[in-house]
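Enquirer: This is the structure I want to talk about, given as structure tokens.
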Amino acid sequence: MNTGYSIIPTALPAWLTDTLFTHQQLMEASKFKNAGVGRGKQYLKNEFVRTDAISWITGETKAGKAWLSWVADLQVYLNRRLFLGLFSFESHFAHYSPGDYYKRHYDAFKGESNRVLSLIVYFNSNWLASDGGELVLYQDQYDQTGIKVVPLMGTIVAFLSEEFPHEVLAANRDRYSIAGWFRLNTSMTDRVDPPR
Ligand SMILES: O=C(O)CCC(=O)C(=O)O
Ligand SMILES: [Fe+2]
């Protein structure tokens with residue numbers, strides 16, 4: 001990752017991809033049922049910036065545990081190989097309904113947050129170019145072209161949170177993912193976390 005980012009198709013182990021995908025689908029189905037009307041998910045307040053619905057992963061479920069355990073191994077590996085000093089991790093499932101988006105943003109601002117590395121995985125089969133919904137990763141604040149990432153099942157994207165502005169383009173179909181962030185030790189900074 002000497003470029004500061006990494007995009008790896010079908011990189012998440014298949015069993016873990018299956019476990020997480022199934023879990024997210026069951027969660028969506030049960031929420032839909034319980035909510036009756038509406039999508040019954042946690043909404044983010046700033047609809048101007050993002051419109052997806054999220055659910056934080058706590059590790060209370062089997063799928064959540066499996067994910068956090070895989071991430072913990074990755075964290076050890078990244079710290080050994082890249083000396084990133086990653087200390088903790090937070091993540092959520094995200095569901096972008098057709099038309100949902102997340103406008104261009106940074107996951108962290110220099111000196112204002114302890115989020116260092118963003119990690120995203122996708123759970124969408126047979127994604128077509130016409131489905132839209134790409135992640136666009138920009139090289140820096142001036143880049144207007146970016147690199148488009150198709151949110152295909154098992155693809156992993158990682159990038160330095162303070163370095164790469166990015167956005168999620170609106171899709172024509174449901175788009176499922178997990179987004180997470182490795183953090184530095186909080187005791188090293190008393191800054192307020194970025195808004196969720
Ligand atoms: O789902 C994606 O491709 C990116 C999501 C994102 O940028 C975020 O949740 O901060
Ligand atoms: Fe982001």
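Here, A, B, ... name the chains of the structure tokens in the order displayed, residue numbers run from 1 inside each chain, and ligands are numbered from 1 in the same displayed order.
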Counting only C-alpha atoms and all ligand atoms, what residues are within 8 Å of ligand 1, given as a list in words?
Expert: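 Result of the 8 Å neighbour search around ligand 1: Ala94, Tyr102, His105, Tyr106, Asp107, Ser118, Ile120, Val121, Tyr122, Glu134, Leu135, Val136, Val149, Pro151, His166, Glu167, Val168, Tyr176, Ser177, Ile178, Ala179 and Gly180 of chain A.
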Enquirer: Show which residues sit within 12 Å of Gln144 in chain A, as a list in words. Count only C-alpha atoms, and ignore same-chain residues fewer than 2 positions away.
Expert: Arg104, Val136, Leu137, Tyr138, Gln139, Asp140, Gln141, Tyr142, Gly146, Ile147, Lys148, Phe164, Pro165, His166 and Glu167 of chain A
Enquirer: Residues as selected, C-alpha atoms, written as an mmCIF file, in the first residue's frame, can you do that?
Expert:
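result35.cif written:
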```
data_model
loop_
_atom_site.group_PDB
_atom_site.id
_atom_site.type_symbol
_atom_site.label_atom_id
_atom_site.label_comp_id
_atom_site.auth_asym_id
_atom_site.auth_seq_id
_atom_site.Cartn_x
_atom_site.Cartn_y
_atom_site.Cartn_z
ATOM 1 C CA ARG A 104 -17.576 13.788 -1.752
ATOM 2 C CA VAL A 136 -15.076 7.235 -6.562
ATOM 3 C CA LEU A 137 -11.706 7.592 -4.898
ATOM 4 C CA TYR A 138 -9.946 10.892 -5.617
ATOM 5 C CA GLN A 139 -6.168 11.195 -5.409
ATOM 6 C CA ASP A 140 -6.238 14.523 -3.580
ATOM 7 C CA GLN A 141 -8.351 17.606 -3.035
ATOM 8 C CA TYR A 142 -7.814 18.762 -6.625
ATOM 9 C CA GLY A 146 -10.883 9.787 -9.481
ATOM 10 C CA ILE A 147 -10.810 6.008 -9.654
ATOM 11 C CA LYS A 148 -14.136 4.221 -9.839
ATOM 12 C CA PHE A 164 -8.375 10.545 -0.110
ATOM 13 C CA PRO A 165 -11.591 12.414 -0.710
ATOM 14 C CA HIS A 166 -14.229 10.027 -2.030
ATOM 15 C CA GLU A 167 -17.916 9.711 -2.802
#
```
Enquirer: Mind the document's chain letters and residue numbers, and return as JSON, numbers by chain the residues of range 13-103 of chain A that DSSP labels helix (DSSP H, G or I).
Expert: {"A": [14, 15, 16, 17, 18, 19, 20, 21, 22, 23, 24, 25, 26, 27, 28, 29, 30, 31, 32, 33, 34, 35, 62, 63, 64, 65, 66, 67, 68, 69, 70, 71, 72, 73, 74, 75, 76, 77, 78, 79, 80, 81, 82]}
Enquirer: Selection from above, C-alpha atoms, as a PDB file, in the first residue's frame, can you write it?
Expert:
```
ATOM      1  CA  ALA A  14     -15.613 -16.480   0.641  1.00  0.00           C
ATOM      2  CA  TRP A  15     -16.954 -17.962   3.910  1.00  0.00           C
ATOM      3  CA  LEU A  16     -16.784 -14.556   5.589  1.00  0.00           C
ATOM      4  CA  THR A  17     -18.341 -12.805   2.610  1.00  0.00           C
ATOM      5  CA  ASP A  18     -21.210 -15.334   2.717  1.00  0.00           C
ATOM      6  CA  THR A  19     -21.650 -14.983   6.478  1.00  0.00           C
ATOM      7  CA  LEU A  20     -21.784 -11.183   6.353  1.00  0.00           C
ATOM      8  CA  PHE A  21     -23.935 -11.032   3.252  1.00  0.00           C
ATOM      9  CA  THR A  22     -26.477 -13.457   4.744  1.00  0.00           C
ATOM     10  CA  HIS A  23     -26.465 -11.607   8.051  1.00  0.00           C
ATOM     11  CA  GLN A  24     -27.072  -8.248   6.401  1.00  0.00           C
ATOM     12  CA  GLN A  25     -29.908  -9.622   4.270  1.00  0.00           C
ATOM     13  CA  LEU A  26     -31.595 -11.213   7.317  1.00  0.00           C
ATOM     14  CA  MET A  27     -31.175  -7.994   9.253  1.00  0.00           C
ATOM     15  CA  GLU A  28     -32.740  -6.004   6.426  1.00  0.00           C
ATOM     16  CA  ALA A  29     -35.641  -8.447   6.163  1.00  0.00           C
ATOM     17  CA  SER A  30     -36.394  -8.450   9.902  1.00  0.00           C
ATOM     18  CA  LYS A  31     -36.144  -4.674  10.133  1.00  0.00           C
ATOM     19  CA  PHE A  32     -38.515  -4.329   7.240  1.00  0.00           C
ATOM     20  CA  LYS A  33     -40.977  -6.660   8.943  1.00  0.00           C
ATOM     21  CA  ASN A  34     -40.695  -5.006  12.373  1.00  0.00           C
ATOM     22  CA  ALA A  35     -40.889  -1.506  11.045  1.00  0.00           C
ATOM     23  CA  LYS A  62     -21.916 -14.494  15.140  1.00  0.00           C
ATOM     24  CA  ALA A  63     -21.394 -12.626  11.880  1.00  0.00           C
ATOM     25  CA  GLY A  64     -20.238  -9.482  13.693  1.00  0.00           C
ATOM     26  CA  LYS A  65     -17.785 -11.529  15.772  1.00  0.00           C
ATOM     27  CA  ALA A  66     -16.387 -13.262  12.691  1.00  0.00           C
ATOM     28  CA  TRP A  67     -15.887  -9.917  10.957  1.00  0.00           C
ATOM     29  CA  LEU A  68     -14.201  -8.265  13.947  1.00  0.00           C
ATOM     30  CA  SER A  69     -11.931 -11.248  14.421  1.00  0.00           C
ATOM     31  CA  TRP A  70     -10.856 -11.169  10.763  1.00  0.00           C
ATOM     32  CA  VAL A  71     -10.264  -7.408  11.062  1.00  0.00           C
ATOM     33  CA  ALA A  72      -8.187  -7.923  14.218  1.00  0.00           C
ATOM     34  CA  ASP A  73      -5.852 -10.241  12.274  1.00  0.00           C
ATOM     35  CA  LEU A  74      -5.648  -7.710   9.453  1.00  0.00           C
ATOM     36  CA  GLN A  75      -4.805  -5.019  11.998  1.00  0.00           C
ATOM     37  CA  VAL A  76      -1.890  -7.064  13.354  1.00  0.00           C
ATOM     38  CA  TYR A  77      -0.656  -7.663   9.814  1.00  0.00           C
ATOM     39  CA  LEU A  78      -0.917  -3.988   8.832  1.00  0.00           C
ATOM     40  CA  ASN A  79       0.863  -2.858  11.975  1.00  0.00           C
ATOM     41  CA  ARG A  80       3.691  -5.321  11.366  1.00  0.00           C
ATOM     42  CA  ARG A  81       4.067  -4.594   7.671  1.00  0.00           C
ATOM     43  CA  LEU A  82       3.263  -0.901   7.502  1.00  0.00           C
TER      44      LEU A  82
END
```
Enquirer: Would you return as a VMD selection string the members of chain A that DSSP assigns to strand (DSSP E) on this structure's backbone?
Expert: chain A and resid 5 to 8 42 to 43 53 to 56 88 to 96 102 to 105 115 to 122 135 to 137 147 to 149 156 to 160 166 to 168 175 to 183
Enquirer: Would you list the contacts of Ala11 in chain A as a list of chain:residue names, taking every protein, DNA or RNA residue within 9 Å and counting only C-alpha atoms, but skipping same-chain residues closer than 3 positions in sequence?
Expert: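 Near neighbours after the sequence-gap exclusion: A:Ile8, A:Ala14, A:Gly154, A:Thr155, A:Ile156.
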Enquirer: Write out, as a compact mmCIF listing (two decimals), in the first residue's frame, the residues just selected, with C-alpha atoms.
Expert:
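As a result, out32.txt now contains:
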```
# COMPACT_ATOMS: atom_id res chain seq x y z
CA ILE A 8 -8.65 -5.82 -4.17
CA ALA A 14 -15.61 -16.48 0.64
CA GLY A 154 -16.02 -9.55 -1.68
CA THR A 155 -14.11 -6.53 -2.98
CA ILE A 156 -12.00 -4.81 -0.34
```
